[in-house]
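Report on the structure given below.
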Amino acid sequence: MNVDLNLVERLVQKVLEQVDDAELTTAGDCGVFATMDEAVAAAEEAQREYLTRSMADRAKYVQVIRDVVLKKENLEYMSQATVDETGMGGYEYKVIKNTLAATKTPGVEDLTTEALSGDDGLTLVEYSPFGVIGAITPTTNPTETVICNSIGMLAAGNAVVFSPHPRAKNVTLFLIKAINRALMNAGAPANLVVTVAEPSIENTNAMMNHPKVRMLVATGGPGIVKTVLSSGKKAIGAGAGNPPVVVDETADIEKAAKDIVNGCSFDNNLPCIAEKEIIAVDSIADYLIFNMKNAGAYEVRDKKVIDQLVELVTKEGKHPKTEFVGKSAQYILSQVGIQVGPEVKVILMEATEDHPFVQVELMMPILPLVRVKNVDEAIDMAIRVEHGNRHTAIMHSRNVDKLTKMAKLIQTTIFVKNGPSYAGIGVGGMGHTTFTIAGPTGEGLTSAKSFARRRKCVLVGGFDVR
Ligand code: NAD
């Protein structure tokens, strides 16, 4: 008899996976619960069990999260599903961002111990978990934020209840289930990462008010950041940005032009760190525009078309219209009757400081350029239009004194010199990544230690080897 051993092996593997899942399924469906009460209760139980696990276990579980995200079919599926469900951004960018979150978010190594020894004994200061954390995630980076927060929060010993944006529900639930299943298969407690089947404002409110949720982390716009900061709980607020990019007369203009077009068009400008307005010194502004056009910018000079664009993509010049957030330059131009090819990545126009495109965080590849007399004026204007968000700013210059001046005065969490904005989150720039950049509450680049409490353990009496 001829037996295809490969086929038998595959069938056995499939059956085992199903048995595993059947045995491991808890009251919720792999971390997804009908009510917020059930979700929080399950996360609390999971976190208590998690306390008994070693740091080596935690490191293993973090690796499990990285691996499940990087599994080809998962990575490709959720990158496409995000674009389909939210209608924002582009598949290739989502693949880059998900990969970045999975590979460059710090894990347990972030939790460094302080030790003090002396005549009175030995004292340790260690990063200890909060318990159950409630994390609210945005439409603009729905899966990236879940990946990044799960890694950091679990590395620090917590369980996490996610409140996804309802418009990114399906893809977020897919990811939470996949993470839970992979963690359980690796021997982790069930329900370290949970959510509810129907995310809603009511459910988010229930989560924020739940007494068992000890810390809140909001990644989103000003409304939700204000809400978590008013909750009476320890809260991390990662809010809006409006990153200005300053270009002075000493910059490498050809390179600056390319970097700005690439940074601004990354995921159709969805990242909160992406270039949102240019402030250029007058003497190089024409040459910058010329080079940006060569790099994929389409310049709109007709005031009537600019007004039409304001009408089209904003609500009375005050807020972006959701249906245009994360759309491509090609699509937006087509809506005002201008047909261009996909090589056009950015819509560029000259504007004054008070123009809505300068003032409002649009999150679409529309980039106004404001001329100023000199670099000091540019720095002052950049500080004004950043609105004190303390989020991100970019500068192209070879003048070390002016680079230092802007870095000190603007006080943003991320300041990129002579590169595209995404260098600031580790794409072509040194350092780790985070998708929760907490300007308002000051944690800045959040990582495992941001989701932990510093606790002290004092052993009285000599315990040193000196
Ligand atoms: P959003 O503020 O509309 O939504 C964010 C989250 O908050 C969602 O889960 C939403 O359901 C929830 N939410 C909003 N209002 C709520 C309310 N009243 N009650 C309960 N829940 C509420 O933001 P968005 O459009 O999804 O994301 C874009 C915004 O997020 C931009 O302002 C962007 O700059 C910001 N953002 C910041 C960071 C950062 O790290 N600082 C990262 C990504 C996005």
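Within each chain, counting starts at residue 1; across the structure tokens, chains are named A, B, ... in the order shown, with ligands numbered 1 upward in that order.
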Using only C-alpha atoms and all ligand atoms, which residues of chain A come within 6 Å of ligand 1, and what is the closest atom pair for each, with the distance in Å to one decimal? Give it as a Markdown table, sorted by chain and residue number.
| residue | atom | partner | partner_atom_place_in_ligand_line | distance |
| --- | --- | --- | --- | --- |
| A:Ile136 | CA | ligand 1 | 9 (O) | 5.0 |
| A:Thr137 | CA | ligand 1 | 9 (O) | 4.5 |
| A:Pro138 | CA | ligand 1 | 26 (O) | 3.4 |
| A:Thr139 | CA | ligand 1 | 26 (O) | 3.8 |
| A:Thr140 | CA | ligand 1 | 27 (O) | 5.1 |
| A:Asn141 | CA | ligand 1 | 43 (C) | 6.0 |
| A:Ser163 | CA | ligand 1 | 9 (O) | 5.8 |
| A:Pro164 | CA | ligand 1 | 9 (O) | 4.4 |
| A:His165 | CA | ligand 1 | 9 (O) | 3.4 |
| A:Pro166 | CA | ligand 1 | 11 (O) | 5.9 |
| A:Ile201 | CA | ligand 1 | 20 (C) | 4.2 |
| A:Thr204 | CA | ligand 1 | 20 (C) | 5.2 |
| A:Asn205 | CA | ligand 1 | 20 (C) | 5.8 |
| A:Thr219 | CA | ligand 1 | 38 (C) | 5.0 |
| A:Gly220 | CA | ligand 1 | 30 (O) | 3.1 |
| A:Gly221 | CA | ligand 1 | 2 (O) | 3.4 |
| A:Gly223 | CA | ligand 1 | 15 (N) | 5.6 |
| A:Ile224 | CA | ligand 1 | 15 (N) | 4.7 |
| A:Ala238 | CA | ligand 1 | 41 (N) | 3.7 |
| A:Gly239 | CA | ligand 1 | 41 (N) | 4.1 |
| A:Ala240 | CA | ligand 1 | 34 (O) | 3.3 |
| A:Gly241 | CA | ligand 1 | 34 (O) | 4.8 |
| A:Cys272 | CA | ligand 1 | 34 (O) | 4.1 |
| A:Phe435 | CA | ligand 1 | 40 (O) | 5.0 |
| A:Thr436 | CA | ligand 1 | 40 (O) | 3.5 |
| A:Ile437 | CA | ligand 1 | 40 (O) | 3.5 |
| A:Ala438 | CA | ligand 1 | 41 (N) | 5.5 |
**Prompt:** What residues in segment 70-229 of chain A get the DSSP label strand (DSSP E)? Please answer as a ChimeraX atom specification.
**Reply:** /A:114-118,121-129,132-136,159-163,193-196,213-219
How close does each residue of segment 110-175 of chain A get to segment 425-432 of chain A, giving the shortest atom pair and distance in Å to one decimal for every residue with an atom at most 12 Å away, counting only C-alpha atoms, sorted by chain and residue number, as JSON lines?
{"residue": "A:Asp110", "atom": "CA", "partner": "A:His432", "partner_atom": "CA", "distance": 10.7}
{"residue": "A:Cys148", "atom": "CA", "partner": "A:His432", "partner_atom": "CA", "distance": 11.0}
{"residue": "A:Gly152", "atom": "CA", "partner": "A:His432", "partner_atom": "CA", "distance": 11.9}
Limited to N, CA, C and O atoms, could you put the picked residues into a file as an mmCIF file, in the first residue's frame?
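Result went into part-v3.cif, see below:
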data_model
loop_
_atom_site.group_PDB
_atom_site.id
_atom_site.type_symbol
_atom_site.label_atom_id
_atom_site.label_comp_id
_atom_site.auth_asym_id
_atom_site.auth_seq_id
_atom_site.Cartn_x
_atom_site.Cartn_y
_atom_site.Cartn_z
ATOM 1 N N ASP A 110 14.047 45.680 28.868
ATOM 2 C CA ASP A 110 13.798 47.087 29.192
ATOM 3 C C ASP A 110 13.705 47.312 30.708
ATOM 4 O O ASP A 110 13.863 48.429 31.189
ATOM 5 N N CYS A 148 2.467 46.442 19.719
ATOM 6 C CA CYS A 148 3.433 47.197 20.531
ATOM 7 C C CYS A 148 3.021 47.198 22.013
ATOM 8 O O CYS A 148 3.838 46.906 22.896
ATOM 9 N N GLY A 152 4.991 45.280 25.260
ATOM 10 C CA GLY A 152 5.477 46.067 26.401
ATOM 11 C C GLY A 152 4.740 45.743 27.694
ATOM 12 O O GLY A 152 5.348 45.600 28.755
#
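For the choices A:Asp380, A:Tyr422, A:Ile151, A:Lys212, the atom-to-atom distance to Lys405 of chain A is smallest for A:Asp380 when using only C-alpha atoms.
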**Request:** Please identify which residues in segment 132-278 of chain A DSSP calls alpha helix (DSSP H) from the backbone, and express them as a PyMOL selection string.
**Result:** chain A and resi 142-155+169-185+201-209+222-229+253-265
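With distances restricted to only C-alpha atoms, A:Ala197 is the closest residue to Ala34 of chain A from A:Met208, A:Met88, A:Ala156, A:Ala197.
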**For Ala46 of chain A, the nearest of the candidates A:Gly87, A:Gly131, A:Gly296, A:Gly442, counting only C-alpha atoms** = A:Gly131
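Closest approach to Phe290 of chain A from the set A:Asp267, A:Asp376, A:Glu323, A:Glu254 is made by A:Glu254, with distances taken over only C-alpha atoms.
Among the candidate residues A:Leu229, A:Leu312, A:Ile253, A:Ala351, the one lying nearest to Val300 of chain A is A:Ala351, with distances computed using only C-alpha atoms.
Restricting the calculation to only C-alpha atoms, the smallest distance between Glu443 of chain A and any of A:Gln308, A:Ala155, A:Ala235, A:Met364 is found for A:Ala235.
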**Prompt:** Within 7 Å of Val460 of chain A, counting only C-alpha atoms, which residues qualify if same-chain residues fewer than 5 places away don't, as a ChimeraX atom specification?
**Reply:** /A:120-122
**Request:** Can you pull out every residue within 10 Å of Val340 of chain A, counting only C-alpha atoms, but drop anything in the same chain fewer than 4 positions away, and send it as a VMD selection string?
**Result:** chain A and resid 298 329 to 331 333 to 334 344 to 345
**Gap from atom CA of Ala178 of chain A to atom CA of Lys234 of chain A - Å, one decimal** = 28.8 Å
**Spatial neighbours of Glu92 of chain A, max dist 10 Å, only C-alpha atoms, sep filter under 4 positions, as a ChimeraX atom specification** = /A:76,79-80,96-97,266-267
Put those residues in a file: C-alpha atoms, as a short mmCIF file (atom, residue, chain, number, x, y, z; two decimals), in the first residue's frame.
data_model
loop_
_atom_site.label_atom_id
_atom_site.label_comp_id
_atom_site.auth_asym_id
_atom_site.auth_seq_id
_atom_site.Cartn_x
_atom_site.Cartn_y
_atom_site.Cartn_z
CA GLU A 76 -0.23 39.68 5.04
CA SER A 79 -2.12 44.32 6.69
CA GLN A 80 -4.68 43.94 3.91
CA ILE A 96 6.36 47.62 7.22
CA LYS A 97 4.63 49.04 10.32
CA PHE A 266 4.28 57.06 4.40
CA ASP A 267 1.00 55.14 4.89
#
